[in-house]
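Source file run.txt; content: compact mmCIF, C-alpha atoms and all ligand atoms.
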```txt
# COMPACT_ATOMS: atom_id res chain seq x y z
CA MET A 1 5.23 -24.88 4.34
CA GLU A 2 4.42 -24.62 0.67
CA GLY A 3 4.60 -21.12 -0.80
CA LYS A 4 6.26 -19.71 2.30
CA ASN A 5 7.79 -16.34 1.61
CA THR A 6 11.05 -15.07 2.95
CA MET A 7 11.76 -11.37 2.53
CA THR A 8 11.68 -11.54 -1.22
CA LYS A 9 9.36 -12.48 -4.02
CA LYS A 10 10.40 -14.42 -7.08
CA PRO A 11 9.39 -13.10 -10.52
CA PHE A 12 8.07 -15.64 -13.04
CA LEU A 13 10.28 -14.02 -15.70
CA THR A 14 14.02 -13.53 -16.02
CA LYS A 15 15.74 -10.48 -17.45
CA GLU A 16 16.73 -12.50 -20.53
CA LYS A 17 13.12 -13.56 -21.13
CA VAL A 18 11.90 -9.96 -20.80
CA GLU A 19 14.56 -8.76 -23.26
CA GLU A 20 13.32 -11.35 -25.72
CA ILE A 21 9.63 -10.45 -25.20
CA ALA A 22 10.34 -6.72 -25.47
CA LYS A 23 11.65 -7.21 -29.03
CA THR A 24 8.06 -7.98 -30.08
CA TYR A 25 6.02 -6.22 -27.40
CA PRO A 26 7.50 -2.97 -26.15
CA THR A 27 7.23 -2.09 -22.48
CA PRO A 28 5.21 -1.41 -20.49
CA PHE A 29 3.09 -4.56 -20.55
CA HIS A 30 1.11 -6.70 -18.16
CA ILE A 31 1.94 -10.38 -18.37
CA TYR A 32 0.14 -13.36 -16.81
CA ASP A 33 1.51 -16.82 -16.05
CA GLU A 34 -0.82 -19.48 -17.46
CA LYS A 35 0.75 -22.36 -15.55
CA GLN A 36 0.29 -20.80 -12.13
CA ILE A 37 -3.24 -19.58 -12.92
CA VAL A 38 -4.29 -23.09 -13.89
CA GLU A 39 -2.57 -24.75 -10.92
CA ASN A 40 -4.18 -22.31 -8.50
CA ALA A 41 -7.66 -22.77 -10.03
CA ARG A 42 -7.30 -26.55 -9.68
CA LYS A 43 -6.27 -26.19 -6.05
CA MET A 44 -9.26 -23.91 -5.43
CA ASN A 45 -11.62 -26.57 -6.81
CA GLU A 46 -9.85 -29.28 -4.83
CA ALA A 47 -10.20 -27.31 -1.58
CA PHE A 48 -13.98 -27.26 -1.94
CA ALA A 49 -14.45 -30.62 -3.66
CA TRP A 50 -16.25 -31.87 -0.52
CA ASN A 51 -19.23 -29.69 -1.53
CA LYS A 52 -21.15 -31.28 -4.40
CA GLY A 53 -22.36 -28.08 -6.04
CA PHE A 54 -19.25 -25.98 -5.41
CA ARG A 55 -18.36 -23.43 -8.03
CA GLU A 56 -15.94 -20.51 -8.24
CA TYR A 57 -17.40 -17.60 -10.21
CA PHE A 58 -14.36 -15.56 -11.21
CA ALA A 59 -14.92 -11.84 -10.55
CA VAL A 60 -14.56 -10.52 -14.10
CA LYS A 61 -13.84 -6.98 -12.92
CA ALA A 62 -10.47 -8.15 -11.54
CA THR A 63 -9.08 -9.13 -14.96
CA PRO A 64 -11.62 -8.57 -17.73
CA ASN A 65 -9.89 -10.37 -20.56
CA PRO A 66 -11.62 -13.07 -22.65
CA PHE A 67 -8.45 -15.17 -22.87
CA ILE A 68 -8.22 -15.27 -19.08
CA LEU A 69 -11.94 -16.04 -18.78
CA LYS A 70 -11.56 -18.92 -21.26
CA LEU A 71 -8.63 -20.28 -19.30
CA LEU A 72 -10.69 -20.34 -16.09
CA GLN A 73 -13.72 -21.70 -17.94
CA LYS A 74 -11.66 -24.75 -18.90
CA GLU A 75 -11.03 -25.31 -15.19
CA GLY A 76 -14.77 -25.30 -14.51
CA CYS A 77 -15.13 -21.75 -13.23
CA GLY A 78 -18.13 -19.54 -13.87
CA VAL A 79 -18.05 -15.75 -13.95
CA ASP A 80 -19.22 -13.03 -11.58
CA CYS A 81 -20.33 -9.95 -13.50
CA SER A 82 -21.48 -6.55 -12.35
CA SER A 83 -22.02 -4.57 -15.54
CA LEU A 84 -23.41 -4.83 -19.05
CA THR A 85 -20.03 -5.09 -20.76
CA GLU A 86 -18.88 -7.79 -18.34
CA LEU A 87 -22.05 -9.73 -19.18
CA MET A 88 -21.40 -9.22 -22.90
CA MET A 89 -17.79 -10.39 -22.64
CA SER A 90 -18.89 -13.43 -20.66
CA GLU A 91 -21.59 -14.26 -23.18
CA ALA A 92 -19.06 -13.98 -26.00
CA CYS A 93 -16.82 -16.45 -24.14
CA GLY A 94 -19.67 -18.97 -24.00
CA PHE A 95 -20.79 -18.50 -20.38
CA LYS A 96 -24.54 -18.72 -19.98
CA GLY A 97 -27.30 -19.50 -17.49
CA SER A 98 -25.94 -20.86 -14.24
CA ASP A 99 -22.36 -20.11 -15.39
CA ILE A 100 -23.00 -16.47 -14.54
CA MET A 101 -23.57 -14.68 -11.23
CA PHE A 102 -24.72 -11.11 -11.61
CA SER A 103 -23.66 -9.33 -8.40
CA SER A 104 -24.26 -5.69 -9.19
CA ASN A 105 -25.37 -2.65 -7.26
CA VAL A 106 -27.11 0.58 -8.35
CA THR A 107 -28.11 -1.52 -11.36
CA PRO A 108 -29.51 0.05 -14.53
CA ALA A 109 -32.59 -1.61 -16.07
CA ALA A 110 -30.73 -2.63 -19.24
CA GLU A 111 -28.23 -4.63 -17.17
CA TYR A 112 -30.91 -6.57 -15.32
CA LYS A 113 -32.59 -7.24 -18.64
CA LYS A 114 -29.39 -8.65 -20.12
CA ALA A 115 -28.67 -10.76 -17.03
CA TYR A 116 -32.23 -12.11 -17.09
CA GLU A 117 -32.01 -12.96 -20.79
CA LEU A 118 -28.76 -14.83 -20.21
CA GLY A 119 -30.42 -16.79 -17.42
CA ALA A 120 -27.76 -15.61 -14.95
CA TYR A 121 -28.14 -15.95 -11.20
CA ILE A 122 -29.19 -12.44 -10.27
CA ASN A 123 -27.99 -11.22 -6.88
CA LEU A 124 -30.21 -8.39 -5.58
CA ASP A 125 -28.36 -5.69 -3.67
CA ASP A 126 -31.50 -4.14 -2.19
CA ILE A 127 -35.10 -4.99 -1.36
CA SER A 128 -36.32 -2.15 -3.61
CA HIS A 129 -34.75 -3.94 -6.57
CA ILE A 130 -37.41 -6.67 -6.46
CA ASP A 131 -40.04 -4.45 -8.06
CA PHE A 132 -37.43 -2.82 -10.28
CA LEU A 133 -36.34 -6.21 -11.62
CA LYS A 134 -39.95 -7.33 -12.02
CA GLU A 135 -40.68 -4.23 -14.11
CA CYS A 136 -37.62 -4.31 -16.36
CA ALA A 137 -37.13 -8.05 -16.85
CA GLY A 138 -39.07 -10.43 -14.64
CA ILE A 139 -38.43 -12.55 -11.56
CA PRO A 140 -36.37 -15.65 -12.37
CA GLU A 141 -36.96 -19.00 -10.67
CA THR A 142 -33.61 -18.87 -8.90
CA ILE A 143 -32.65 -15.62 -7.22
CA CYS A 144 -30.07 -14.42 -4.71
CA CYS A 145 -30.06 -11.63 -2.12
CA ARG A 146 -27.03 -9.85 -0.73
CA PHE A 147 -26.74 -9.58 3.06
CA ASN A 148 -25.12 -6.78 5.07
CA PRO A 149 -24.93 -7.53 8.81
CA GLY A 150 -23.98 -3.91 9.69
CA GLY A 151 -21.60 -3.03 12.51
CA VAL A 152 -17.93 -3.87 12.27
CA PHE A 153 -16.59 -7.21 11.14
CA SER A 154 -13.81 -8.53 13.34
CA LEU A 155 -11.66 -11.62 13.53
CA GLY A 156 -10.71 -11.98 17.19
CA THR A 157 -9.50 -8.54 18.18
CA ASP A 158 -8.71 -7.38 14.62
CA ILE A 159 -11.28 -5.19 12.94
CA MET A 160 -11.31 -6.43 9.35
CA ASP A 161 -13.81 -4.08 7.78
CA ASN A 162 -16.83 -1.92 8.42
CA PRO A 163 -20.03 -3.35 6.84
CA GLY A 164 -22.12 -0.74 8.69
CA ASP A 165 -20.46 1.88 6.50
CA ALA A 166 -20.72 -0.08 3.25
CA LYS A 167 -23.36 0.65 0.60
CA TYR A 168 -23.94 -3.01 -0.23
CA GLY A 169 -26.61 -5.51 0.71
CA MET A 170 -29.74 -5.70 2.83
CA THR A 171 -30.38 -5.94 6.55
CA LYS A 172 -31.48 -9.31 7.91
CA GLU A 173 -35.10 -8.14 8.29
CA GLN A 174 -35.11 -6.88 4.70
CA LEU A 175 -33.56 -10.09 3.39
CA ILE A 176 -36.21 -12.24 5.05
CA GLU A 177 -38.94 -9.91 3.79
CA ALA A 178 -37.36 -10.01 0.31
CA PHE A 179 -37.38 -13.82 0.22
CA LYS A 180 -41.08 -13.92 1.19
CA ARG A 181 -41.96 -11.40 -1.50
CA LEU A 182 -39.85 -13.13 -4.17
CA LYS A 183 -41.55 -16.40 -3.31
CA GLU A 184 -44.95 -14.78 -3.85
CA LEU A 185 -43.71 -13.54 -7.21
CA GLY A 186 -42.77 -17.05 -8.31
CA ALA A 187 -39.14 -17.53 -7.32
CA CYS A 188 -38.53 -21.01 -5.94
CA ARG A 189 -34.78 -21.42 -5.35
CA PHE A 190 -32.76 -18.95 -3.32
CA GLY A 191 -29.19 -17.90 -2.75
CA ILE A 192 -27.59 -15.87 0.03
CA HIS A 193 -24.53 -13.71 -0.64
CA SER A 194 -22.27 -11.47 1.41
CA PHE A 195 -18.90 -9.73 1.04
CA LEU A 196 -17.65 -8.49 4.41
CA ALA A 197 -13.93 -7.82 4.05
CA SER A 198 -11.54 -7.27 1.18
CA ASN A 199 -8.05 -8.74 0.66
CA THR A 200 -8.02 -10.80 3.86
CA VAL A 201 -4.69 -12.51 4.38
CA THR A 202 -5.86 -15.05 6.95
CA ASN A 203 -7.35 -18.51 6.70
CA GLU A 204 -10.12 -17.48 9.13
CA TYR A 205 -12.13 -15.10 6.94
CA TYR A 206 -14.12 -17.52 4.81
CA PRO A 207 -14.93 -19.94 7.67
CA ILE A 208 -16.20 -17.08 9.87
CA LEU A 209 -18.21 -15.57 7.02
CA ALA A 210 -19.56 -19.04 6.21
CA GLY A 211 -20.65 -19.46 9.84
CA ILE A 212 -22.60 -16.17 9.66
CA LEU A 213 -24.24 -17.04 6.34
CA PHE A 214 -25.02 -20.65 7.29
CA GLU A 215 -26.78 -19.50 10.46
CA LEU A 216 -28.67 -16.95 8.40
CA ALA A 217 -29.66 -19.69 5.94
CA VAL A 218 -31.10 -21.78 8.77
CA GLU A 219 -33.05 -18.81 10.10
CA VAL A 220 -34.32 -17.85 6.64
CA LYS A 221 -35.46 -21.41 5.99
CA GLU A 222 -37.33 -21.54 9.30
CA GLN A 223 -39.00 -18.17 8.81
CA THR A 224 -39.87 -18.37 5.12
CA GLY A 225 -39.86 -22.04 4.20
CA VAL A 226 -38.01 -21.32 0.96
CA GLU A 227 -35.51 -23.70 -0.60
CA ILE A 228 -31.95 -22.48 -0.13
CA ALA A 229 -29.99 -23.49 -3.22
CA PHE A 230 -26.63 -21.85 -2.59
CA VAL A 231 -24.56 -19.74 -0.25
CA ASN A 232 -22.17 -17.40 -2.07
CA LEU A 233 -19.10 -16.45 -0.01
CA SER A 234 -18.20 -13.84 -2.65
CA GLY A 235 -14.69 -12.33 -2.87
CA GLY A 236 -12.21 -11.16 -0.30
CA VAL A 237 -9.72 -14.00 0.08
CA GLY A 238 -6.55 -12.01 -0.38
CA ILE A 239 -2.91 -12.30 -1.34
CA PRO A 240 0.25 -11.13 0.45
CA TYR A 241 1.49 -8.09 -1.44
CA GLN A 242 4.31 -7.68 1.09
CA PRO A 243 7.14 -10.20 0.82
CA ASP A 244 7.16 -10.97 4.57
CA LYS A 245 3.49 -11.97 4.73
CA GLU A 246 2.33 -15.57 4.70
CA PRO A 247 -0.03 -16.48 1.81
CA ASN A 248 -3.45 -17.96 2.49
CA ASP A 249 -3.69 -21.74 2.49
CA ILE A 250 -6.75 -22.47 0.37
CA MET A 251 -6.88 -26.11 1.52
CA ALA A 252 -7.14 -24.93 5.15
CA ILE A 253 -9.78 -22.39 4.13
CA GLY A 254 -11.86 -25.05 2.35
CA GLU A 255 -11.55 -27.31 5.37
CA GLY A 256 -12.60 -24.47 7.72
CA VAL A 257 -15.72 -23.87 5.65
CA ARG A 258 -16.47 -27.61 5.59
CA LYS A 259 -16.38 -27.75 9.41
CA GLN A 260 -18.95 -24.93 9.65
CA PHE A 261 -21.07 -26.62 6.98
CA GLU A 262 -21.14 -29.87 8.92
CA LYS A 263 -21.81 -28.10 12.19
CA ILE A 264 -24.60 -25.76 10.99
CA MET A 265 -26.01 -26.82 7.62
CA VAL A 266 -26.04 -30.62 7.75
CA PRO A 267 -27.98 -30.98 11.07
CA ASN A 268 -30.57 -28.49 9.79
CA GLY A 269 -31.34 -30.41 6.62
CA LEU A 270 -29.28 -28.05 4.46
CA GLY A 271 -26.56 -30.54 3.53
CA ASP A 272 -27.37 -30.26 -0.20
CA VAL A 273 -26.77 -26.52 -0.44
CA SER A 274 -24.04 -25.49 -2.90
CA ILE A 275 -21.16 -23.24 -1.94
CA PHE A 276 -20.22 -20.56 -4.44
CA THR A 277 -17.27 -18.18 -4.38
CA GLU A 278 -16.56 -15.05 -6.42
CA LEU A 279 -12.85 -14.61 -6.03
CA GLY A 280 -10.89 -12.23 -8.21
CA ARG A 281 -7.68 -11.29 -6.45
CA PHE A 282 -6.93 -14.77 -5.12
CA MET A 283 -7.42 -16.34 -8.57
CA LEU A 284 -5.21 -13.96 -10.56
CA GLY A 285 -3.37 -11.42 -8.40
CA PRO A 286 0.00 -13.14 -7.87
CA TYR A 287 0.10 -14.51 -11.42
CA GLY A 288 0.35 -11.19 -13.21
CA ALA A 289 3.12 -8.60 -13.34
CA LEU A 290 3.64 -5.17 -14.84
CA VAL A 291 6.96 -4.95 -16.65
CA THR A 292 8.34 -1.47 -17.26
CA LYS A 293 11.64 0.06 -18.38
CA VAL A 294 13.67 2.75 -16.64
CA LEU A 295 13.74 5.94 -18.74
CA HIS A 296 15.25 8.50 -16.42
CA GLU A 297 17.01 8.96 -13.15
CA LYS A 298 16.59 12.24 -11.30
CA LYS A 299 18.31 13.47 -8.15
CA ILE A 300 16.87 16.44 -6.28
CA TYR A 301 15.86 16.24 -2.64
CA LYS A 302 15.26 12.54 -3.21
CA ASP A 303 16.33 10.04 -5.86
CA TYR A 304 13.67 9.31 -8.46
CA ILE A 305 13.59 6.50 -10.97
CA GLY A 306 11.26 7.37 -13.87
CA VAL A 307 9.76 4.40 -15.74
CA ASP A 308 7.68 4.03 -18.90
CA ALA A 309 4.60 2.80 -17.00
CA CYS A 310 2.48 5.11 -14.87
CA ALA A 311 -0.61 5.01 -12.66
CA VAL A 312 -2.71 4.58 -15.81
CA ASN A 313 -1.29 1.04 -16.03
CA LEU A 314 -1.56 0.30 -12.31
CA MET A 315 -3.62 2.55 -10.13
CA ARG A 316 -3.52 0.77 -6.77
CA PRO A 317 -0.44 2.51 -5.35
CA ALA A 318 -1.75 5.98 -6.34
CA MET A 319 -5.31 5.24 -5.25
CA TYR A 320 -4.83 3.29 -2.02
CA GLY A 321 -1.15 3.76 -1.24
CA ALA A 322 -1.01 0.02 -1.92
CA TYR A 323 2.32 -1.79 -1.68
CA HIS A 324 3.51 -3.68 -4.75
CA HIS A 325 6.81 -5.47 -4.50
CA ILE A 326 9.44 -4.53 -7.08
CA THR A 327 12.25 -6.62 -8.54
CA VAL A 328 14.96 -5.03 -10.68
CA LEU A 329 15.41 -7.81 -13.23
CA GLY A 330 18.94 -9.15 -13.47
CA LYS A 331 19.81 -7.65 -10.08
CA GLU A 332 17.93 -10.18 -7.93
CA ASN A 333 21.05 -11.01 -5.96
CA GLU A 334 22.44 -7.51 -5.53
CA PRO A 335 22.08 -5.74 -2.17
CA SER A 336 19.14 -3.36 -1.75
CA ASP A 337 21.29 -0.44 -0.67
CA HIS A 338 19.73 2.44 -2.63
CA LYS A 339 16.60 4.34 -1.62
CA TYR A 340 14.33 5.39 -4.49
CA ASP A 341 10.92 6.70 -5.40
CA VAL A 342 9.86 4.81 -8.53
CA THR A 343 7.58 7.07 -10.53
CA GLY A 344 5.50 7.29 -13.67
CA SER A 345 5.12 10.29 -15.96
CA LEU A 346 1.70 11.66 -15.00
CA CYS A 347 1.45 15.30 -13.97
CA GLU A 348 0.24 14.01 -10.61
CA ASN A 349 2.55 13.66 -7.66
CA ASN A 350 0.81 10.51 -6.45
CA ASP A 351 1.99 8.69 -9.60
CA LYS A 352 4.53 6.62 -7.68
CA PHE A 353 4.86 2.84 -7.73
CA ALA A 354 7.11 2.94 -4.67
CA ILE A 355 8.17 5.56 -2.15
CA ASP A 356 11.46 5.39 -0.21
CA ARG A 357 11.94 1.81 -1.41
CA MET A 358 15.29 0.12 -0.79
CA LEU A 359 16.39 -1.43 -4.10
CA PRO A 360 19.63 -2.38 -5.83
CA LYS A 361 21.38 0.42 -7.73
CA ILE A 362 19.21 1.08 -10.78
CA ASP A 363 20.51 2.09 -14.21
CA ILE A 364 18.69 3.60 -17.16
CA GLY A 365 17.42 0.80 -19.38
CA ASP A 366 16.86 -1.64 -16.50
CA TYR A 367 13.64 -3.62 -16.52
CA ILE A 368 11.49 -3.23 -13.42
CA TYR A 369 9.12 -6.07 -12.54
CA ILE A 370 6.15 -4.94 -10.44
CA HIS A 371 4.64 -7.96 -8.69
CA ASP A 372 1.06 -9.06 -8.06
CA THR A 373 -0.70 -7.00 -10.71
CA GLY A 374 -2.82 -9.89 -12.05
CA ALA A 375 -6.05 -8.67 -10.44
CA HIS A 376 -7.40 -5.12 -10.18
CA GLY A 377 -4.27 -4.04 -12.09
CA PHE A 378 -4.74 -3.43 -15.80
CA ALA A 379 -8.48 -3.43 -15.13
CA MET A 380 -8.45 -0.19 -13.15
CA GLY A 381 -6.57 1.59 -15.92
CA TYR A 382 -7.65 4.94 -17.25
CA ASN A 383 -6.45 7.52 -19.74
CA TYR A 384 -5.47 10.56 -17.70
CA ASN A 385 -2.89 12.81 -19.35
CA GLY A 386 -3.79 11.11 -22.62
CA LYS A 387 -1.72 8.11 -21.58
CA LEU A 388 -2.55 4.88 -23.34
CA LYS A 389 -3.23 1.49 -21.83
CA SER A 390 -0.64 -1.23 -22.34
CA ALA A 391 -0.84 -4.64 -23.95
CA GLU A 392 -1.65 -7.76 -21.92
CA LEU A 393 0.42 -10.87 -22.60
CA LEU A 394 0.08 -14.49 -21.56
CA LEU A 395 3.14 -16.58 -20.76
CA LYS A 396 1.98 -19.99 -21.94
CA GLU A 397 2.79 -23.27 -20.25
CA ASP A 398 5.25 -24.10 -23.06
CA GLY A 399 7.17 -20.85 -22.49
CA SER A 400 5.84 -19.02 -25.54
CA VAL A 401 4.17 -15.63 -25.21
CA GLN A 402 0.74 -14.80 -26.60
CA MET A 403 -0.66 -11.30 -26.91
CA ILE A 404 -4.11 -11.35 -25.29
CA ARG A 405 -4.81 -7.63 -25.68
CA ARG A 406 -2.97 -5.19 -27.91
CA ALA A 407 -1.74 -1.88 -26.57
CA GLU A 408 -3.91 1.16 -27.18
CA THR A 409 -2.94 3.51 -29.97
CA PRO A 410 -3.66 7.24 -30.30
CA ALA A 411 -6.48 6.29 -32.70
CA ASP A 412 -8.17 4.39 -29.84
CA TYR A 413 -7.87 7.45 -27.63
CA PHE A 414 -9.38 9.72 -30.30
CA ARG A 415 -12.12 7.30 -31.36
CA THR A 416 -14.88 8.98 -29.38
CA PHE A 417 -14.43 12.01 -31.66
CA ASP A 418 -15.27 9.95 -34.72
CA PHE A 419 -18.56 11.83 -35.08
CA CYS A 420 -16.61 14.89 -36.29
CA ASP A 421 -13.62 15.66 -38.53
CA ILE A 422 -11.27 17.47 -36.16
CA LEU A 423 -9.10 14.46 -35.25
CA LYS A 424 -9.53 12.54 -38.49
CA GLY A 425 -6.25 11.08 -39.70
CA TYR A 426 -4.74 10.64 -36.24
C1 LIG A 501 -14.91 -7.14 -6.31
C2 LIG A 501 -15.88 -8.21 -6.03
C3 LIG A 501 -15.45 -9.55 -5.96
C4 LIG A 501 -14.01 -9.96 -6.06
O1 LIG A 501 -13.26 -9.44 -5.03
P1 LIG A 501 -11.75 -9.91 -4.78
O2 LIG A 501 -11.29 -9.01 -3.68
O3 LIG A 501 -11.02 -9.67 -6.04
O4 LIG A 501 -11.78 -11.33 -4.39
C5 LIG A 501 -16.42 -10.51 -5.76
N1 LIG A 501 -17.73 -10.19 -5.65
C6 LIG A 501 -18.17 -8.92 -5.71
C7 LIG A 501 -19.61 -8.65 -5.59
C8 LIG A 501 -17.26 -7.89 -5.88
O5 LIG A 501 -17.69 -6.62 -5.93
```

As structure tokens - that is how I would like this structure written.
Ligand SMILES: *Cc1c(COP(=O)(O)O)cnc(C)c1O
Amino acid sequence: MEGKNTMTKKPFLTKEKVEEIAKTYPTPFHIYDEKQIVENARKMNEAFAWNKGFREYFAVKATPNPFILKLLQKEGCGVDCSSLTELMMSEACGFKGSDIMFSSNVTPAAEYKKAYELGAYINLDDISHIDFLKECAGIPETICCRFNPGGVFSLGTDIMDNPGDAKYGMTKEQLIEAFKRLKELGACRFGIHSFLASNTVTNEYYPILAGILFELAVEVKEQTGVEIAFVNLSGGVGIPYQPDKEPNDIMAIGEGVRKQFEKIMVPNGLGDVSIFTELGRFMLGPYGALVTKVLHEKKIYKDYIGVDACAVNLMRPAMYGAYHHITVLGKENEPSDHKYDVTGSLCENNDKFAIDRMLPKIDIGDYIYIHDTGAHGFAMGYNYNGKLKSAELLLKEDGSVQMIRRAETPADYFRTFDFCDILKGY
């Protein structure tokens, strides 16, 4: 089967290529593979081509970089925003109106105002936001509401996630009430949205979610008489971070959703409804990597490899204990017979990219390639310990490398003191 993984993952860069890149752009850096991003986006669109109005709205929060947004825009994607700056970045990239979904929660008035002015599809997280939106901006003609079914969400016997514990969305009763009220206030086209489980590595998630939302759409139509314009399946289609896991098959997922559509929507006169998605991780995750250089080796009660990246560049392992596969570049074919903790330099003991990981013997100066950092990687960065965020690079289809964000400098870090003289000159 295509994309089938054995026990290893293949980097999209060689050691020689990294040595060449590092002459211009010192490590650490995040790098994205244009070719694979484009191929994957095309496959995504192909998988849902059966639905006339289908559109993927890339979740900007996953990789908020205008060069990446432009790349996806060329493939026909819209954007899913959830904050003012994400809306501003999207606007600057030329997204407008129906190119933008605004799926926020705990939304400030200024953000609704901006989304309204851009003509974005606004996705209300709560029934109380109807009056809030009306006050701060107005009720647009097309509007979406976010659904939370409560309880636990399972696939067969596996509990996938716990919507009953999640802060998002409205109950079914509230959603139906919300649609009636929005209709009174002048809205005439409606969307339904839900996000029930994150990083699902199964082809079943979207079809099951689609079944739930399609049945809800039928019920909403019967009870309110409103026109359902779209069903937004949101994010959550995942990627295999572990090398022994099978990746999702997006063609099978698209086909699974189509079957539900034909079973539930078409017989109920809803065959014209558009399907939207808001994927982040699936669109970018595997096509980005964090490249870092080994600075130190330390042997105490365990063996530590200290690298020039830290949790500031990639927070997922520190925050969630998330697994990210590691390749020691140039040693792809050597046996993994050494056990290491691979660590960053923060004064924080959770600043570890890997714990008790079996890897080839590592030497100072080796380049470490951390896989699958294309989504929710750079984006979650922060500045603890005064550490600076890295550059982002794009490996172009022709093999050249383009800087798509420069690395932070101390002056960037000190900029919020520019109202006074103390740090002037740094
Ligand atoms: C985070 C998020 C997404 C994207 O999630 P992925 O797991 O990256 O696919 C989509 N929609 C909303 C509302 C989100 O909060």

Give me, as a tab-separated table, each residue of chain A that comes within 7 Å of ligand LIG 501 (chain A), together with its shortest interatomic pair and the distance in Å at one decimal, counting all atoms listed in the file, with rows ordered by chain and rising residue number.
```
residue	atom	partner	partner_atom	distance
A:Ala59	CA	A:LIG501	C4	5.0
A:Lys61	CA	A:LIG501	C1	6.7
A:Ala62	CA	A:LIG501	O3	5.7
A:Asp80	CA	A:LIG501	N1	6.7
A:Ser103	CA	A:LIG501	C7	5.0
A:Ser104	CA	A:LIG501	C7	6.6
A:Phe195	CA	A:LIG501	C7	6.8
A:Ser198	CA	A:LIG501	O2	5.2
A:Asn199	CA	A:LIG501	O2	5.4
A:Ser234	CA	A:LIG501	N1	4.7
A:Gly235	CA	A:LIG501	O4	3.4
A:Gly236	CA	A:LIG501	O2	4.1
A:Val237	CA	A:LIG501	O4	5.6
A:Gly238	CA	A:LIG501	O2	6.5
A:Glu278	CA	A:LIG501	C5	4.6
A:Leu279	CA	A:LIG501	O4	3.8
A:Gly280	CA	A:LIG501	O3	3.4
A:Arg281	CA	A:LIG501	O3	3.7
A:Phe282	CA	A:LIG501	O4	6.0
A:Ala375	CA	A:LIG501	O3	6.7
```

Within 12 Å of segment 14-33 of chain A: each segment 45-118 of chain A residue with its shortest pair, all atoms listed in the file, as a tab-separated table:
```
residue	atom	partner	partner_atom	distance
A:Thr63	CA	A:Tyr32	CA	10.3
A:Asn65	CA	A:Tyr32	CA	11.1
A:Phe67	CA	A:Tyr32	CA	10.7
A:Ile68	CA	A:Tyr32	CA	8.9
A:Leu71	CA	A:Asp33	CA	11.2
```

Requested write-out: C-alpha atoms of the selected residues, as a PDB file, in the coordinates of the input:
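Wrote it out as out-v7.pdb, contents follow:
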```
ATOM      1  CA  THR A  63      -9.080  -9.130 -14.960  1.00  0.00           C
ATOM      2  CA  ASN A  65      -9.890 -10.370 -20.560  1.00  0.00           C
ATOM      3  CA  PHE A  67      -8.450 -15.170 -22.870  1.00  0.00           C
ATOM      4  CA  ILE A  68      -8.220 -15.270 -19.080  1.00  0.00           C
ATOM      5  CA  LEU A  71      -8.630 -20.280 -19.300  1.00  0.00           C
TER       6      LEU A  71
END
```

Next item on the list: Mind checking which residues fall within 7 Å of segment 304-308 of chain A, counting all atoms listed in the file, ignoring those fewer than 4 positions away in the same chain, and posting them as a PyMOL selection string?
Entry: chain A and resi 28+292-299+340-344

Margin query: as a PyMOL selection string, please: the residues near Cys136 of chain A (cut-off 9 Å, only C-alpha atoms, same-chain neighbours under 4 positions excluded).
Written below: chain A and resi 109-110+112-113+131-132

Keeping only C-alpha atoms, write those residues as a PDB file, in the coordinates of the input.
```
ATOM      1  CA  ALA A 109     -32.590  -1.610 -16.070  1.00  0.00           C
ATOM      2  CA  ALA A 110     -30.730  -2.630 -19.240  1.00  0.00           C
ATOM      3  CA  TYR A 112     -30.910  -6.570 -15.320  1.00  0.00           C
ATOM      4  CA  LYS A 113     -32.590  -7.240 -18.640  1.00  0.00           C
ATOM      5  CA  ASP A 131     -40.040  -4.450  -8.060  1.00  0.00           C
ATOM      6  CA  PHE A 132     -37.430  -2.820 -10.280  1.00  0.00           C
TER       7      PHE A 132
END
```

Check: Any idea what the distance is between atom CA of Gln73 of chain A and atom CA of Arg55 of chain A?
Finding: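 These atoms are spaced 11.1 Å apart.
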
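Taking atom CA of Asp272 of chain A and atom CA of Ile130 of chain A as endpoints, the distance between them is 26.4 Å.
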
Next item on the list: Could you please determine the separation between atom CA of Asn383 of chain A and atom CA of Val291 of chain A in Å, to one decimal place?
Entry: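 Computing the Euclidean distance for atom CA of Asn383 of chain A and atom CA of Val291 of chain A yields 18.6 Å.
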
Next item on the list: May I ask which of the residues A:Pro286, A:Gly119, A:Gly78, A:Gly365 is the closest one to Phe54 of chain A, counting all atoms listed in the file?
Entry: A:Gly78

List every residue of segment 265-372 of chain A that has an atom at most 12 Å from any atom of segment 395-411 of chain A, and for each one report the closest atom pair and its distance in Å to one decimal, counting only C-alpha atoms, with rows sorted by chain and then by increasing residue number, as CSV.
```
residue,atom,partner,partner_atom,distance
A:Tyr287,CA,A:Leu395,CA,10.0
A:Gly288,CA,A:Leu395,CA,9.7
A:Ala289,CA,A:Leu395,CA,10.9
A:Val312,CA,A:Glu408,CA,11.9
A:Asn313,CA,A:Ala407,CA,10.9
```

Item checked: Using all atoms listed in the file: which of A:Glu34, A:Glu91, A:Asp421, A:Asp372 has the shortest distance to Gln242 of chain A -> A:Asp372

Check: Which polymer residues have any atom within 12 Å of an atom of Phe214 of chain A, counting only C-alpha atoms, with same-chain residues fewer than 5 positions away left out, as a PyMOL selection string?
Finding: chain A and resi 147+191-194+206-209+219-221+228-233+257-271+273-275

Item checked: Expected answer as a list in words: all residues with atoms within 12 Å of (0.1, -21.2, -4.7), only C-alpha atoms -> Met1, Glu2, Gly3, Lys4, Asn5, Lys35, Gln36, Ile37, Val38, Glu39, Asn40, Ala41, Arg42, Lys43, Met44, Ile239, Pro240, Glu246, Pro247, Asn248, Asp249, Ile250, Met251, Phe282, Met283, Leu284, Gly285, Pro286 and Tyr287 of chain A
